[in-house]
Structures are given as structure tokens and as C-alpha cells.
Amino acid sequence: MILSRRPTLQGRLVRLHLMVLCGMTVLLVIVQTAQLYREARARLGERALTASRIVAQLPVVVRGAERGTQNPDLNARVNALRDEAEADFIVVGNRAGIRLAHPLTDRLGQPMEGGDNAEPFAGREVVTVARGSLGYSVRGKVPVWQGGVTGTRVVGVVSTGYLMPQVWHLVLSALVSLLPWFILALSLGTGGAVWAARRLRAEILNLEPEQIAQLAQQQRAVLAALREGVLAVGPGGLVTLISSRAGAMLGGPSAPAPLATLWPELALFTAGSGAARTQNLELSLRGQPVLVNIEPLDGGGFVVGFRDRAEALALADELTHARGFVDVLRAQTHEYQNRLHVLSGLLQLGRSDEALRVLNAEIHADTQFRQLLRDVQVPRLVALLAGKRERAQELGVDFEVVEGSSLSAVWERHADTLVSAVGNLTENAFEALAGQPGYVSVLIGEDPDGMQIEVEDTGPGVSPHLAQTLYARGVSSKGEGRGYGLHGVMTRVEALGGTLRHTRRGEHTVFQLSLPLPAARLQLPQEAGA
């Protein structure tokens with residue numbers, strides 16, 4: 001099956017332009033033909049009227065009209081004048097409208113045809129178009145006065161005529177003379193259409209209209225699928241595109257609209273520093289913190305992508321949790337493999353008693369660790385600490401949960417925040433030891449005011465130049481791409497009304513996390529009293 005290929009944009013524009021140009025040419029030809037027809041008829045009418053005047057003044061014509069009878073000399077003289085005037089006919093009629101002179105002798109003595117003798121018999125000259133015995137013609141009719149004196153009695157009429165084919169011949173001759181100009185106009189129009197089509201195609205990146213429509217549909221679909229808000233801003237600060245997500249975050253405006261009205265803080269930022277490429281800029285939108293990415297456009301203006309900072313931090317936390325759990329599982333796998341290898345080797349050497357002692361020691365250590373966590377009633381936090389213990393053994397770090405640590409089940413609602421905080425703080429403590437033997441401990445407790453967590457390590461502590469900005473986004477002594485964990489923890493802790501701080505306790509570094517009681521727990525005494 002052969003599919004017909006649709007013409008390109010250039011072909012369609014050229015064809016459309018030629019159709020319009022041809023239509024205009026045809027209309028111009030029609031108008032010009034009508035005008036030429038009127039001019040030819042008027043010119044032939046004047047010629048006919050002039051010839052009739054001359055004939056009407058001839059003595060032989062005046063005498064013949066006065067007698068009202070046929071005269072061969074009169075007919076011959078009039079036909080001779082007709083040849084000189086290049087007219088199709090000159091007819092002389094008497095007062096009764098009977099032909100006294102005619103190109104065809106067999107029609108002499110017959111009434112004149114056309115019904116247009118009323119004006120000449122009334123003493124007025126007239127130019128008419130009427131059908132006579134020879135066909136349609138342009139006629140110039142002049143009255144014949146008695147004695148050849150104007151104003152006396154009308155004794156006859158002279159009618160000089162040019163048949164219509166002669167009129168159209170003049171029109172056709174004029175049109176033929178204009179034909180080269182019509183061809184030149186069509187040629188120039190065709191060349192201009194090709195040039196304009198190529199220029200337009202270059203302006204739209206050589207895309208066909210169907211491709212542009214498809215790109216527009218894809219753009220709408222992409223914008224609708226994005227979880228980020230997207231704004232397109234023109235060179236003059238006018239927002240020309242607002243995605244559905246951006247519209248919801250901005251309160252439902254529609255484009256076009258001034259950026260200064262929709263988002264004054266962003267307008268001030270781009271006006272002051274220009275629309276330079278910016279990543280993860282923190283701004284406020286309707287009182288809510290957002291992360292903004294700015295991408296400048298070559299022709300001026302820029303595109304803005306922004307998202308709720310809380311959502312971004314939640315995604316980062318989820319990624320951190322997933323990465324932490326992967327590390328925990330990997331550490332557990334290595335440790336268990338090592339233990340199994342030790343037990344397998346002892347058994348192969350026949351040293352079953354020592355293998356049993358190793359196994360009992362592991363069971364005892366695990367039992368002791370679990371005993372320390374018996375009062376921590378947040379399962380995910382317990383699982384995290386168990387994994388961190390395995391991770392510490394892999395790194396050669398002494399890790400312990402301080403005896404007496406406890407946490408009630410009411411804190412389960414904040415398990416995500418607790419897991420994120422403890423996971424980040426313990427991992428930072430491991431990294432602070434930099435592979436050297438050391439000590440990391442975790443203390444968990446609660447009182448009537450809330451709960452507290454302390455993570456203590458024997459590392460070198462926080463660098464003095466980072467002490468004031470440690471919890472800011474992107475601040476880290478570990479290189480580029482770090483510094484988001486503590487910032488995310490601080491953000492979530494502050495959102496719950498808590499605090500996160502660090503201090504030095506002797507040779508140890510201590511991170512202290514405090515959270516107030518959950519709202520539901522605070523209501524319990526009132527409900528009990530009720």
C-alpha cells in the first residue's frame with residue numbers, strides 16, 4: 001500500500017500563494033476587461049457619432065431624406081463613406097424610418113431595426129447598443145435636418161454602427177498587450193512565495209506544522225506530568241506559560257501576567273542579578289519555602305522550575321533511609337559471612353567446643369544488645385540501631401546503646417524523623433573516626449517535657465570554621481555534593497518544634513536532639529480529667 005506524502009510547508013505556502021495570486025489576476029483581468037469594454041464602446045460610439053454627423057450634412061443625403069425615396073447614387077455615396085470610416089454599416093432612413101441607404105441592397109426600402117430612432121427624430125444625437133439586421137452593434141445616430149440647417153424639421157436619420165465583435169477585438173488586443181505584465185507579476189509572486197516560505201521555515205527550525213502541533217501536545221503532556229511547577233518568562237518579565245502545578249502553587253493565575261505580580265521575590269531576584277543559571281535557590285512563595293531552578297533562554301527570558309522544599313527534603317530523606325538500610329544489610333551480610341566462615345573453619349578443624357563458645361558469645365552479645373533496646377518501643381528505630389551495630393563491627397568501631405535508654409510507643413508517629421536523625425548522626429560519627437578505632441554511643445530517653453537523643457563519638461569534632469553554619473544546606477567538610485543530611489534533619493526537627501545542637505564533652509563530640517511531646521500526648525491529661 002502506497003501512502004501519499006503530504007506536501008511540505010514550503011510547497012503548501014507556494015501553492016496557496018499562487019492560488020491567491022491567480023485569483024487576484026483573474027479578478028484583475030475581469031475588471032480590466034470590463035473597463036476596456038466600456039472604453040472601446042465609448043470610443044467606437046464617438047467614431048460612429050462623428051461619421052453620422054458628417055454623412056447627415058451631405059447635400060445628397062439631405063435631399064434624399066427630404067424626398068423620402070430610394071436613390072442608387074445616395075446608397076453608393078454612403079457605402080463609400082462607410083469604407084473610409086471603417087464602419088460595419090451606415091444606414092440612412094427617412095422620416096418614416098424606411099431605409100434609403102444600407103450595405104445590403106436587398107434590405108433597402110425596409111424599416112430600420114433596433115427601436116432606437118425616437119431620440120434622433122426628436123432632434124437629439126444618441127449612442128446606443130442594439131440589435132439590428134446585422135447583429136448587435138454600437139450605433140451613433142444623428143438627425144437629418146431639412147435643408148441641412150440645424151433646428152429645422154427632422155426629415156431623416158443617419159445611423160453609423162460597429163458590430164460587437166469589433167468591440168471585443170479591441171478588448172482582446174488590449175489584454176494581449178497586458179499579458180507580459182501579468183506573466184511578470186506571476187513570476188515575481190512565485191519567486192516571492194518561495195523566498196517567504198524558505199524564510200518562514202528557517203524561522204520555525206525547519207519544522208512542519210504537524211511536527212509543531214505534536215511538539216505542543218507533548219509539551220502540554222510533559223508539563224502536566226511534572227511534579228514541579230514550571231513558568232516561562234519573556235524578556236520583559238511577562239509570564240507566558242504556567243503549568244498546572246505552578247498554577248496551583250501560585251493560586252490559580254493564568255498567562256500572560258507580570259512576574260512582579262505573581263511572584264515579587266523571584267522578580268526582584270532576576271531583576272537584580274539577571275536570569276543566570278541557578279540551581280536549588282531557596283525562595284519563599286506565598287509564605288512557603290520552595291527550591292527554584294532557573295534556566296536562561298538564548299533569545300531572552302528564562303524558564304523557572306520550582307518545588308516545595310518539604311517535598312524535596314522528604315525525597316532526600318527517603319533516599320538517605322534507603323541508602324542506610326542498604327549499608328546496614330550489606331554490613332550484616334558481611335558480618336554473618338565472617339562468623340559463618342569462622343564457625344565453619346573451627347568445625348573443619350575439629351574444634352567444636354571453641355566453635356560453640358564463639359556461637360554462644362555472639363548469641364550473648366546479641367541478647368545483651370537487644371536487652372538494652374527492650375524499652376525502646378519504636379520498631380524502626382530499634383531495627384536501625386541493630387543495623388548500625390553491624391555496621392560498626394564492620395568498620396572496627398565500638399558501638400553501644402547506653403543502658404537505660406527508653407522510648408514509649410507514642411513516638412512511633414515521628415519514627416521517620418527519628419530514624420532520619422539517628423541514622424545521619426551515627427553515620428556522621430562513623431565517618432568522623434575516619435577508619436580509626438573509636439567509640440560511638442547512642443542515648444535515648446524521655447521525660448514529661450519530651451524526648452532526647454544523644455550521639456557521642458571520640459572523633460576530632462566539628463571544624464571551627466563550620467561551627468556556625470554546620471546545619472546550613474550544602475555545608476560539609478566532606479567535599480562537593482554533601483551537606484544535605486544534617487540540613488534535612490534540622491528542618492524536620494524544627495518543623496516539630498525541636499532543637500538540634502552539638503558540643504564538646506571533654507575529648508568527645510556530642511550531638512543532642514530534643515523533641516517536645518506529640519500533640520496527642522499533650523491532650524491525654526485533659527481527656528483523663530474530663
# chains A, B, ... in the order shown; residues from 1 in each chain; ligands from 1
>>> residues_around(residues="segment 370-385 of chain A", least_positions_apart="2", cutoff="6 Å", atoms="only C-alpha atoms", output="list in words")
Thr367, Gln368, Gly387, Lys388, Glu403, Ser406, Leu407, Ser408, Ala409, Glu412 and Val419 of chain A
>>> write_last_selection(atoms="N, CA and C atoms", output="PDB file, in the first residue's frame")
ATOM      1  N   THR A 367      21.986 -10.835  72.536  1.00  0.00           N
ATOM      2  CA  THR A 367      20.927 -10.783  73.556  1.00  0.00           C
ATOM      3  C   THR A 367      21.107  -9.555  74.431  1.00  0.00           C
ATOM      4  N   GLN A 368      22.355  -9.274  74.806  1.00  0.00           N
ATOM      5  CA  GLN A 368      22.606  -8.103  75.626  1.00  0.00           C
ATOM      6  C   GLN A 368      22.196  -6.815  74.895  1.00  0.00           C
ATOM      7  N   GLY A 387      21.115  -2.494  62.973  1.00  0.00           N
ATOM      8  CA  GLY A 387      21.921  -2.449  61.749  1.00  0.00           C
ATOM      9  C   GLY A 387      23.183  -1.631  61.935  1.00  0.00           C
ATOM     10  N   LYS A 388      23.076  -0.509  62.671  1.00  0.00           N
ATOM     11  CA  LYS A 388      24.261   0.308  62.905  1.00  0.00           C
ATOM     12  C   LYS A 388      25.300  -0.458  63.737  1.00  0.00           C
ATOM     13  N   GLU A 403      22.905   2.012  78.470  1.00  0.00           N
ATOM     14  CA  GLU A 403      21.949   1.282  79.294  1.00  0.00           C
ATOM     15  C   GLU A 403      20.946   2.258  79.894  1.00  0.00           C
ATOM     16  N   SER A 406      15.302   4.425  76.726  1.00  0.00           N
ATOM     17  CA  SER A 406      13.888   4.039  76.628  1.00  0.00           C
ATOM     18  C   SER A 406      13.138   5.073  75.805  1.00  0.00           C
ATOM     19  N   LEU A 407      12.053   4.596  75.197  1.00  0.00           N
ATOM     20  CA  LEU A 407      11.204   5.487  74.386  1.00  0.00           C
ATOM     21  C   LEU A 407       9.847   4.826  74.244  1.00  0.00           C
ATOM     22  N   SER A 408       8.794   5.557  74.596  1.00  0.00           N
ATOM     23  CA  SER A 408       7.457   4.976  74.567  1.00  0.00           C
ATOM     24  C   SER A 408       6.916   4.919  73.141  1.00  0.00           C
ATOM     25  N   ALA A 409       5.837   4.142  72.985  1.00  0.00           N
ATOM     26  CA  ALA A 409       5.252   3.920  71.655  1.00  0.00           C
ATOM     27  C   ALA A 409       4.610   5.168  71.071  1.00  0.00           C
ATOM     28  N   GLU A 412       6.073   6.670  67.911  1.00  0.00           N
ATOM     29  CA  GLU A 412       6.013   5.954  66.631  1.00  0.00           C
ATOM     30  C   GLU A 412       5.571   6.882  65.492  1.00  0.00           C
ATOM     31  N   VAL A 419      14.341   8.063  62.814  1.00  0.00           N
ATOM     32  CA  VAL A 419      15.235   7.209  62.022  1.00  0.00           C
ATOM     33  C   VAL A 419      16.190   8.060  61.199  1.00  0.00           C
TER      34      VAL A 419
END
>>> select_by_dssp(residues="segment 80-269 of chain A", states="strand (DSSP E)", output="PyMOL selection string")
chain A and resi 89-94+99-101+126-132+135-145+154-163+229-233+238-242+257-258
>>> closest_residue(among="A:Thr190, A:Gln436, A:Asn280, A:Ser441", to="Arg15 of chain A", atoms="only C-alpha atoms")
A:Thr190
>>> select_by_dssp(residues="segment 168-296 of chain A", states="helix (DSSP H, G or I)", output="count of residues only")
74
>>> residues_around(residues="Arg77 of chain A", least_positions_apart="4", cutoff="10 Å", atoms="only C-alpha atoms", output="ChimeraX atom specification")
/A:55,58,60-61,72-73,81-82,101
>>> closest_residue(among="A:Pro460, A:Gly488, A:Gly251, A:Gly189", to="His17 of chain A", atoms="only C-alpha atoms")
A:Gly189
>>> closest_residue(among="A:Arg199, A:Arg357, A:Arg391, A:Lys141", to="Ile54 of chain A", atoms="only C-alpha atoms")
A:Lys141
>>> closest_residue(among="A:Val176, A:Leu186, A:Leu104, A:Val158", to="Val92 of chain A", atoms="only C-alpha atoms")
A:Val158
>>> residues_around(residues="segment 213-223 of chain A", least_positions_apart="2", cutoff="12 Å", atoms="only C-alpha atoms", output="number ranges by chain")
A: 207-211, 225-232, 241-247, 305
>>> write_last_selection(atoms="N, CA, C and O atoms", output="PDB file, in the first residue's frame")
ATOM      1  N   LEU A 207      10.701  22.945  10.859  1.00  0.00           N
ATOM      2  CA  LEU A 207       9.664  22.007  11.302  1.00  0.00           C
ATOM      3  C   LEU A 207       8.406  22.200  10.472  1.00  0.00           C
ATOM      4  O   LEU A 207       8.079  23.312  10.040  1.00  0.00           O
ATOM      5  N   GLU A 208       7.707  21.110  10.246  1.00  0.00           N
ATOM      6  CA  GLU A 208       6.421  21.163   9.559  1.00  0.00           C
ATOM      7  C   GLU A 208       5.324  21.494  10.573  1.00  0.00           C
ATOM      8  O   GLU A 208       5.489  21.284  11.786  1.00  0.00           O
ATOM      9  N   PRO A 209       4.184  22.030  10.126  1.00  0.00           N
ATOM     10  CA  PRO A 209       3.094  22.354  11.060  1.00  0.00           C
ATOM     11  C   PRO A 209       2.660  21.158  11.901  1.00  0.00           C
ATOM     12  O   PRO A 209       2.352  21.308  13.090  1.00  0.00           O
ATOM     13  N   GLU A 210       2.637  19.960  11.309  1.00  0.00           N
ATOM     14  CA  GLU A 210       2.241  18.779  12.082  1.00  0.00           C
ATOM     15  C   GLU A 210       3.246  18.491  13.195  1.00  0.00           C
ATOM     16  O   GLU A 210       2.875  18.102  14.304  1.00  0.00           O
ATOM     17  N   GLN A 211       4.530  18.706  12.895  1.00  0.00           N
ATOM     18  CA  GLN A 211       5.557  18.484  13.913  1.00  0.00           C
ATOM     19  C   GLN A 211       5.445  19.515  15.032  1.00  0.00           C
ATOM     20  O   GLN A 211       5.628  19.192  16.208  1.00  0.00           O
ATOM     21  N   ALA A 225       2.640  16.217  33.532  1.00  0.00           N
ATOM     22  CA  ALA A 225       3.192  15.082  34.258  1.00  0.00           C
ATOM     23  C   ALA A 225       4.230  15.492  35.298  1.00  0.00           C
ATOM     24  O   ALA A 225       4.512  14.727  36.216  1.00  0.00           O
ATOM     25  N   LEU A 226       4.789  16.691  35.156  1.00  0.00           N
ATOM     26  CA  LEU A 226       5.827  17.110  36.095  1.00  0.00           C
ATOM     27  C   LEU A 226       5.254  17.374  37.479  1.00  0.00           C
ATOM     28  O   LEU A 226       4.166  17.941  37.622  1.00  0.00           O
ATOM     29  N   ARG A 227       6.009  16.963  38.490  1.00  0.00           N
ATOM     30  CA  ARG A 227       5.639  17.290  39.864  1.00  0.00           C
ATOM     31  C   ARG A 227       6.124  18.683  40.238  1.00  0.00           C
ATOM     32  O   ARG A 227       5.727  19.227  41.272  1.00  0.00           O
ATOM     33  N   GLU A 228       6.978  19.259  39.429  1.00  0.00           N
ATOM     34  CA  GLU A 228       7.468  20.603  39.664  1.00  0.00           C
ATOM     35  C   GLU A 228       6.562  21.621  38.995  1.00  0.00           C
ATOM     36  O   GLU A 228       5.908  21.334  37.996  1.00  0.00           O
ATOM     37  N   GLY A 229       6.549  22.833  39.537  1.00  0.00           N
ATOM     38  CA  GLY A 229       5.895  23.940  38.864  1.00  0.00           C
ATOM     39  C   GLY A 229       6.840  24.536  37.837  1.00  0.00           C
ATOM     40  O   GLY A 229       8.049  24.626  38.068  1.00  0.00           O
ATOM     41  N   VAL A 230       6.315  24.932  36.687  1.00  0.00           N
ATOM     42  CA  VAL A 230       7.135  25.478  35.607  1.00  0.00           C
ATOM     43  C   VAL A 230       6.525  26.799  35.131  1.00  0.00           C
ATOM     44  O   VAL A 230       5.312  26.875  34.885  1.00  0.00           O
ATOM     45  N   LEU A 231       7.387  27.817  35.021  1.00  0.00           N
ATOM     46  CA  LEU A 231       6.995  29.114  34.472  1.00  0.00           C
ATOM     47  C   LEU A 231       7.939  29.464  33.328  1.00  0.00           C
ATOM     48  O   LEU A 231       9.148  29.223  33.422  1.00  0.00           O
ATOM     49  N   ALA A 232       7.384  30.007  32.249  1.00  0.00           N
ATOM     50  CA  ALA A 232       8.191  30.564  31.160  1.00  0.00           C
ATOM     51  C   ALA A 232       8.006  32.077  31.184  1.00  0.00           C
ATOM     52  O   ALA A 232       6.881  32.568  31.136  1.00  0.00           O
ATOM     53  N   LEU A 241       3.834  31.267  30.149  1.00  0.00           N
ATOM     54  CA  LEU A 241       3.379  29.885  30.312  1.00  0.00           C
ATOM     55  C   LEU A 241       3.393  29.532  31.792  1.00  0.00           C
ATOM     56  O   LEU A 241       4.355  29.832  32.501  1.00  0.00           O
ATOM     57  N   ILE A 242       2.301  28.903  32.236  1.00  0.00           N
ATOM     58  CA  ILE A 242       2.184  28.456  33.625  1.00  0.00           C
ATOM     59  C   ILE A 242       1.674  27.023  33.607  1.00  0.00           C
ATOM     60  O   ILE A 242       0.582  26.756  33.081  1.00  0.00           O
ATOM     61  N   SER A 243       2.458  26.088  34.131  1.00  0.00           N
ATOM     62  CA  SER A 243       1.997  24.700  34.205  1.00  0.00           C
ATOM     63  C   SER A 243       0.896  24.574  35.260  1.00  0.00           C
ATOM     64  O   SER A 243       0.708  25.452  36.097  1.00  0.00           O
ATOM     65  N   SER A 244       0.160  23.454  35.187  1.00  0.00           N
ATOM     66  CA  SER A 244      -0.949  23.254  36.118  1.00  0.00           C
ATOM     67  C   SER A 244      -0.453  23.214  37.562  1.00  0.00           C
ATOM     68  O   SER A 244      -1.082  23.758  38.472  1.00  0.00           O
ATOM     69  N   ARG A 245       0.714  22.569  37.786  1.00  0.00           N
ATOM     70  CA  ARG A 245       1.280  22.504  39.131  1.00  0.00           C
ATOM     71  C   ARG A 245       1.670  23.893  39.615  1.00  0.00           C
ATOM     72  O   ARG A 245       1.421  24.268  40.767  1.00  0.00           O
ATOM     73  N   ALA A 246       2.294  24.691  38.731  1.00  0.00           N
ATOM     74  CA  ALA A 246       2.669  26.055  39.105  1.00  0.00           C
ATOM     75  C   ALA A 246       1.437  26.900  39.381  1.00  0.00           C
ATOM     76  O   ALA A 246       1.421  27.703  40.314  1.00  0.00           O
ATOM     77  N   GLY A 247       0.393  26.710  38.574  1.00  0.00           N
ATOM     78  CA  GLY A 247      -0.836  27.459  38.801  1.00  0.00           C
ATOM     79  C   GLY A 247      -1.438  27.168  40.170  1.00  0.00           C
ATOM     80  O   GLY A 247      -1.924  28.070  40.859  1.00  0.00           O
ATOM     81  N   GLY A 305      11.769  26.410  37.161  1.00  0.00           N
ATOM     82  CA  GLY A 305      11.186  25.202  37.739  1.00  0.00           C
ATOM     83  C   GLY A 305      11.307  25.283  39.255  1.00  0.00           C
ATOM     84  O   GLY A 305      12.361  25.638  39.779  1.00  0.00           O
TER      85      GLY A 305
END
>>> closest_residue(among="A:Trp181, A:Tyr136, A:Trp145, A:Tyr162", to="Pro120 of chain A", atoms="only C-alpha atoms")
A:Trp145
>>> residues_around(residues="segment 94-100 of chain A", least_positions_apart="2", cutoff="8 Å", atoms="only C-alpha atoms", output="PyMOL selection string")
chain A and resi 64-66+68-71+74-75+91-92+102+107-112+117+121+154-157
>>> write_last_selection(atoms="N, CA, C and O atoms", output="compact mmCIF listing (two decimals), in the first residue's frame")
# COMPACT_ATOMS: atom_id res chain seq x y z
N GLY A 64 -32.10 63.36 -50.34
CA GLY A 64 -32.71 62.05 -50.35
C GLY A 64 -33.67 61.88 -49.19
O GLY A 64 -34.75 61.29 -49.32
N ALA A 65 -33.30 62.41 -48.00
CA ALA A 65 -34.17 62.28 -46.84
C ALA A 65 -35.42 63.12 -47.02
O ALA A 65 -36.53 62.72 -46.60
N GLU A 66 -35.28 64.32 -47.67
CA GLU A 66 -36.44 65.17 -47.87
C GLU A 66 -37.42 64.51 -48.84
O GLU A 66 -38.64 64.58 -48.66
N GLY A 68 -37.54 61.21 -49.44
CA GLY A 68 -38.03 60.00 -48.77
C GLY A 68 -38.09 58.80 -49.66
O GLY A 68 -38.77 57.81 -49.32
N THR A 69 -37.40 58.88 -50.84
CA THR A 69 -37.42 57.76 -51.76
C THR A 69 -35.99 57.28 -51.99
O THR A 69 -35.02 57.99 -51.75
N GLN A 70 -35.89 56.03 -52.48
CA GLN A 70 -34.58 55.45 -52.67
C GLN A 70 -33.89 56.10 -53.87
O GLN A 70 -34.52 56.52 -54.83
N ASN A 71 -32.51 56.12 -53.74
CA ASN A 71 -31.70 56.75 -54.78
C ASN A 71 -30.40 55.96 -54.85
O ASN A 71 -29.64 55.93 -53.89
N LEU A 74 -27.34 57.85 -53.86
CA LEU A 74 -27.24 58.07 -52.41
C LEU A 74 -26.65 56.84 -51.74
O LEU A 74 -25.74 56.95 -50.89
N ASN A 75 -27.12 55.65 -52.08
CA ASN A 75 -26.63 54.42 -51.44
C ASN A 75 -25.15 54.21 -51.75
O ASN A 75 -24.35 53.82 -50.87
N VAL A 91 -26.43 53.50 -42.25
CA VAL A 91 -27.80 53.39 -42.75
C VAL A 91 -28.43 54.78 -42.69
O VAL A 91 -28.30 55.49 -41.68
N VAL A 92 -29.10 55.15 -43.81
CA VAL A 92 -29.86 56.41 -43.86
C VAL A 92 -31.33 56.06 -43.97
O VAL A 92 -31.71 55.23 -44.82
N HIS A 102 -28.11 51.34 -47.32
CA HIS A 102 -27.80 50.18 -46.47
C HIS A 102 -26.70 49.38 -47.15
O HIS A 102 -26.64 49.33 -48.38
N ARG A 107 -32.01 44.95 -48.61
CA ARG A 107 -32.72 45.41 -47.42
C ARG A 107 -33.12 46.88 -47.52
O ARG A 107 -33.63 47.46 -46.56
N LEU A 108 -32.87 47.48 -48.67
CA LEU A 108 -33.33 48.84 -48.91
C LEU A 108 -34.83 48.86 -48.98
O LEU A 108 -35.47 47.91 -49.45
N GLY A 109 -35.41 49.93 -48.52
CA GLY A 109 -36.85 50.06 -48.54
C GLY A 109 -37.54 49.38 -47.38
O GLY A 109 -38.76 49.47 -47.25
N GLN A 110 -36.79 48.71 -46.52
CA GLN A 110 -37.37 48.04 -45.35
C GLN A 110 -37.19 48.93 -44.12
O GLN A 110 -36.30 49.77 -44.06
N PRO A 111 -38.05 48.75 -43.11
CA PRO A 111 -37.95 49.59 -41.89
C PRO A 111 -36.64 49.31 -41.16
O PRO A 111 -36.12 48.20 -41.15
N MET A 112 -36.09 50.34 -40.54
CA MET A 112 -34.88 50.22 -39.73
C MET A 112 -35.22 49.45 -38.44
O MET A 112 -36.32 49.57 -37.89
N ASN A 117 -34.77 54.95 -32.67
CA ASN A 117 -34.85 56.16 -33.51
C ASN A 117 -35.64 57.28 -32.87
O ASN A 117 -35.76 58.37 -33.45
N PHE A 121 -35.25 61.35 -34.09
CA PHE A 121 -36.43 62.00 -34.66
C PHE A 121 -36.89 63.16 -33.79
O PHE A 121 -37.60 64.06 -34.26
N VAL A 154 -36.96 67.72 -38.74
CA VAL A 154 -36.19 66.49 -38.96
C VAL A 154 -36.85 65.72 -40.09
O VAL A 154 -38.04 65.39 -40.03
N VAL A 155 -36.04 65.43 -41.11
CA VAL A 155 -36.58 64.73 -42.26
C VAL A 155 -36.02 63.32 -42.39
O VAL A 155 -36.45 62.56 -43.26
N GLY A 156 -35.03 62.95 -41.57
CA GLY A 156 -34.45 61.60 -41.66
C GLY A 156 -33.48 61.36 -40.52
O GLY A 156 -33.31 62.17 -39.60
N VAL A 157 -32.80 60.23 -40.63
CA VAL A 157 -31.85 59.83 -39.59
C VAL A 157 -30.69 59.10 -40.26
O VAL A 157 -30.87 58.39 -41.25
>>> atom_distance(atom1="atom CA of Thr458 of chain A", atom2="atom CA of Arg389 of chain A")
16.3 Å
